[in-house]
Amino acid sequence: MTKLMSTQHLSEQEIIRREKLTELNKLGIDAYPAALYPVNTNSVFIKENYAQHPADKGVENKDQFTDVCIAGRIMSVRDMGKANFAVLQDAVGKIQFYIKQDDICPGEDKTMYQTVWKKLIDIGDIIGIKGYVFTTKTGETSIHVSEFTILTKSLRPLPIVKEKDGEAFDEVTDPEFRYRQRYADLIVNPSVKETFIKRTKMVNAIREFLNERGALEVDTPVLQSIPGGAAARPFSTHHNALDVPMYMRIANELYLKRLIVGGFEWVYEFSRNFRNEGMDRTHNPEFTVLEFYVAYKDYEWMMDTTEQMLDKAAMATNGTTKVMVGEKEIDFKAPYKRITMYDSIKEITGFDISEMDEAGIRHVCRELKIHADDKWGKGKLIDEIFGEKCEGTYIQPTFITDYPVEMSPLTKKHRSKPGLVERFELMCNGKEIANAYSELNDPIEQRERFEEQTKLMERGDDEAMFIDHDFLRALEYGMPPTSGIGFGIDRIAMLLTNQHSIQDVLFFPMMRPEKNDD
RNA sequence: GAAUUGGUAGCUCAGUUGGUAGAGCAAUACACUUUUAAUGUAUGGGCCCAGGGUUCGAGUCCCUGCCAGUUCACCA
């Protein structure tokens with residue numbers, strides 16, 4: 001009954017493929033075999049190495065690749081009657097293969113060619129082929145097949161993308177299809193795979209950079225009872241056995257600092273953070289931040305380290321520090337420009353607000369036609385001016401330093417500039433990609449700053465932070481002078497892979513669940 | 001949350017002032033033993049996102065909803 005019902009929803013092509021599967025079974029062929037398939041090379045290796053050999057076109061080179069065995073998905077077939085050309089796609093690329101009736105079926109029985117290959121195999125099926133490499137008349141390195149094996153029958157037709165000279169035709173571009181069915185997107189759009197490979201290269205380079213310098217990669221809790229270390233709305237959940245509310249982490253900062261208290265000098269974590277907020281081109285509810293904390297350092301040292309790390313990450317990802325982002329060329333070569341927030345505002349708006357009080361800054365907001373909410377304190381006003389007028393103008397990587405104390409409850413006061421903290425953000429392509437401090441380690445002052453946050457909360461600021469008493473207890477034992485930083489890994493990946501949307505650097509971006517009629 | 005664009009065959013898309021759906025690719029059948037967006041001939045394939053409304057008649061016009069994209073708001 002259920003099978004009958006579900007069959008009614010199948011398209012003509014899906015029904016035909018199921019029938020082919022039945023036919024294969026009747027011939028005694030298992031379309032989902034269990035045995036290992038002895039792959040001994042891959043498409044790219046063959047093409048790169050065979051091409052170096054000056055073989056005559058249309059002639060086989062008897063010296064090398066005489067016995068290859070590869071596996072992959074059939075992406076296209078050109079049927080010439082008793083001989084076919086087809087394209088196989090494996091993990092690294094594509095290669096053409098040539099399959100001829102009298103080679104597959106040397107005897108009288110032509111079933112394997114005429115029935116199995118020509119009738120029962122489809123584009124999208126995964127097969128293994130054995131044979132030798134040759135160059136066709138038109139000069140394309142190909143595999144002359146002597147034997148093929150069905151490894152997996154595909155029951156759902158793939159979106160067909162044709163290509164010629166690197167240009168794709170009828171490319172699948174529908175974002176909903178691509179994000180919901182990333183597996184199909186990856187099969188059909190090779191550039192998608194490239195993006196994710198680059199992302200991993202970038203992450204590996206960063207990890208290597210940190211490990212080389214003696215940093216320790218650690219794991220800290222994702223489920224937290226106090227969602228600390230940032231100001232954001234958390235996802236809440238509940239622990240049944242303990243019968244307590246729990247939250248998905250919005251940041252891991254306070255845990256990493258506890259480890260610095262514990263005596264580690266340099267810890268880092270690629271932290272998946274969760275924030276229950278809006279989604280757009282640059283925000284996904286779960287996203288990745290690299291945070292690291294280093295004892296006995298300050299934010300000046302951190303700027304040096306940051307630019308070296310990103311220089312290396314860019315090199316490892318693209319082989320150069322320069323990257324095209326849309327129309328703009330961005331160069332990650334160290335060092336980067338450094339400018340204080342007050343100087344930036346002065347440079348861009350002409351207003352010197354460094355000596356002003358809250359009323360003066362509100363006046364500047366009016367002059368600049370920036371909305372200034374009554375609930376906001378001085379720090380938030382300054383941040384608003386910077387965000388509205390300055391942030392977007394920094395295309396090349398630029399350190400903005402020395403933030404107002406009100407916006408930075410976890411940051412050490414500036415060594416020489418009253419009202420400011422030792423903090424920087426790294427701007428790139430008009431967006432923040434990293435945020436760093438000389439960490440506040442005075443437990444009494446930290447308690448006071450938390451209390452100021454509580455007042456802001458009472459004043460109506462719903463972004464203010466919760467107090468974490470255990471974290472204060474840790475600070476009371478003594479945390480050495482420490483510099484810490486957080487990098488928006490997804491955003492850096494977007495820059496280094498020239499992707500416009502965060503969804504294009506996440507395999508499975510958040511989507512509203514599909515309605516299921518079953 | 002607001003504005004805006006879109007949802008038609010497995011895929012990419014057409015669809016005139018409203019008259020019950022078209023193309024290319026894919027599929028099926030046939031031909032072709034070096035093609036490459038192969039080619040040629042023929043055939044099948046649609047709850048036009050969903051629900052209301054206007055109308056003799058709606059893929060098309062109106063309303064509501066669903067899903068997605070973009071921009072804005074929100075998001076240290």
# chains A, B, ... in the order shown; residues from 1 in each chain; ligands from 1

call {"tool": "interface_residues", "arguments": {"of": "chain A", "to": "chain B", "cutoff": "6 Å", "atoms": "only C-alpha atoms (C1' of nucleotides)", "output": "VMD selection string"}}
result
chain A and resid 13 80 to 83 137 157 159 to 160 162 to 164 170 176

call {"tool": "residues_around", "arguments": {"residues": "A14 of chain B", "least_positions_apart": "2", "cutoff": "10 Å", "atoms": "only C-alpha atoms (C1' of nucleotides)", "output": "PyMOL selection string"}}
result
chain B and resi 8+22-23

call {"tool": "write_last_selection", "arguments": {"atoms": "N, CA, C and O atoms (P, O5', C5', C4', C3', O3' and C1' of nucleotides)", "output": "PDB file, in the first residue's frame"}}
result
ATOM      1  P     U B   8       8.820  26.119 -11.045  1.00  0.00           P
ATOM      2  O5'   U B   8       7.540  26.258 -11.978  1.00  0.00           O
ATOM      3  C5'   U B   8       6.383  25.485 -11.731  1.00  0.00           C
ATOM      4  C4'   U B   8       5.692  25.126 -13.019  1.00  0.00           C
ATOM      5  C3'   U B   8       6.557  24.352 -14.005  1.00  0.00           C
ATOM      6  O3'   U B   8       6.650  22.973 -13.683  1.00  0.00           O
ATOM      7  C1'   U B   8       5.482  26.109 -15.146  1.00  0.00           C
ATOM      8  P     G B  22       0.970  22.959 -26.606  1.00  0.00           P
ATOM      9  O5'   G B  22       2.396  22.879 -27.264  1.00  0.00           O
ATOM     10  C5'   G B  22       3.529  22.536 -26.541  1.00  0.00           C
ATOM     11  C4'   G B  22       4.616  23.561 -26.774  1.00  0.00           C
ATOM     12  C3'   G B  22       6.021  22.991 -26.692  1.00  0.00           C
ATOM     13  O3'   G B  22       6.404  22.438 -27.944  1.00  0.00           O
ATOM     14  C1'   G B  22       5.860  24.919 -25.343  1.00  0.00           C
ATOM     15  P     A B  23       7.532  21.305 -27.928  1.00  0.00           P
ATOM     16  O5'   A B  23       8.873  22.169 -27.822  1.00  0.00           O
ATOM     17  C5'   A B  23       9.206  23.092 -28.852  1.00  0.00           C
ATOM     18  C4'   A B  23      10.492  23.789 -28.504  1.00  0.00           C
ATOM     19  C3'   A B  23      11.647  22.864 -28.129  1.00  0.00           C
ATOM     20  O3'   A B  23      12.303  22.367 -29.275  1.00  0.00           O
ATOM     21  C1'   A B  23      11.479  24.617 -26.548  1.00  0.00           C
TER      22        A B  23
END

call {"tool": "closest_residue", "arguments": {"among": "B:U5, B:U17, B:U54, B:U43", "to": "U71 of chain B", "atoms": "only C-alpha atoms (C1' of nucleotides)"}}
result
B:U5

call {"tool": "residues_around", "arguments": {"residues": "C62 of chain B", "least_positions_apart": "6", "cutoff": "12 Å", "atoms": "only C-alpha atoms (C1' of nucleotides)", "output": "ChimeraX atom specification"}}
result
/B:52-55

call {"tool": "closest_residue", "arguments": {"among": "A:Val323, A:Leu36, A:Ala372, A:Ile70", "to": "Ile95 of chain A", "atoms": "only C-alpha atoms"}}
result
A:Ile70

call {"tool": "select_by_dssp", "arguments": {"residues": "segment 60-230 of chain A", "states": "strand (DSSP E or B)", "output": "PyMOL selection string"}}
result
chain A and resi 60+68-79+83-89+94-100+126-135+141-152+162-164+167-169+216-217+223-224

call {"tool": "residues_around", "arguments": {"residues": "Arg73 of chain A", "least_positions_apart": "5", "cutoff": "10 Å", "atoms": "only C-alpha atoms (C1' of nucleotides)", "output": "ChimeraX atom specification"}}
result
/A:87-91,94,122-128,151-154,187

call {"tool": "select_by_dssp", "arguments": {"residues": "segment 116-257 of chain A", "states": "helix (DSSP H, G or I)", "output": "ChimeraX atom specification"}}
result
/A:116-120,175-180,182-188,190-212,253-257

call {"tool": "closest_residue", "arguments": {"among": "A:Thr305, A:Thr288, A:Ser43, A:Ser408", "to": "Leu210 of chain A", "atoms": "only C-alpha atoms"}}
result
A:Thr305

call {"tool": "closest_residue", "arguments": {"among": "B:A73, B:C63, B:A21, B:A29", "to": "G51 of chain B", "atoms": "only C-alpha atoms (C1' of nucleotides)"}}
result
B:C63

call {"tool": "residues_around", "arguments": {"residues": "Ile395 of chain A", "least_positions_apart": "5", "cutoff": "12 Å", "atoms": "only C-alpha atoms (C1' of nucleotides)", "output": "PyMOL selection string"}}
result
chain A and resi 323-332+336-337+390+426-433+495

call {"tool": "closest_residue", "arguments": {"among": "A:Met315, A:Val77, A:Val261, A:Ala295", "to": "Pro443 of chain A", "atoms": "only C-alpha atoms"}}
result
A:Val261
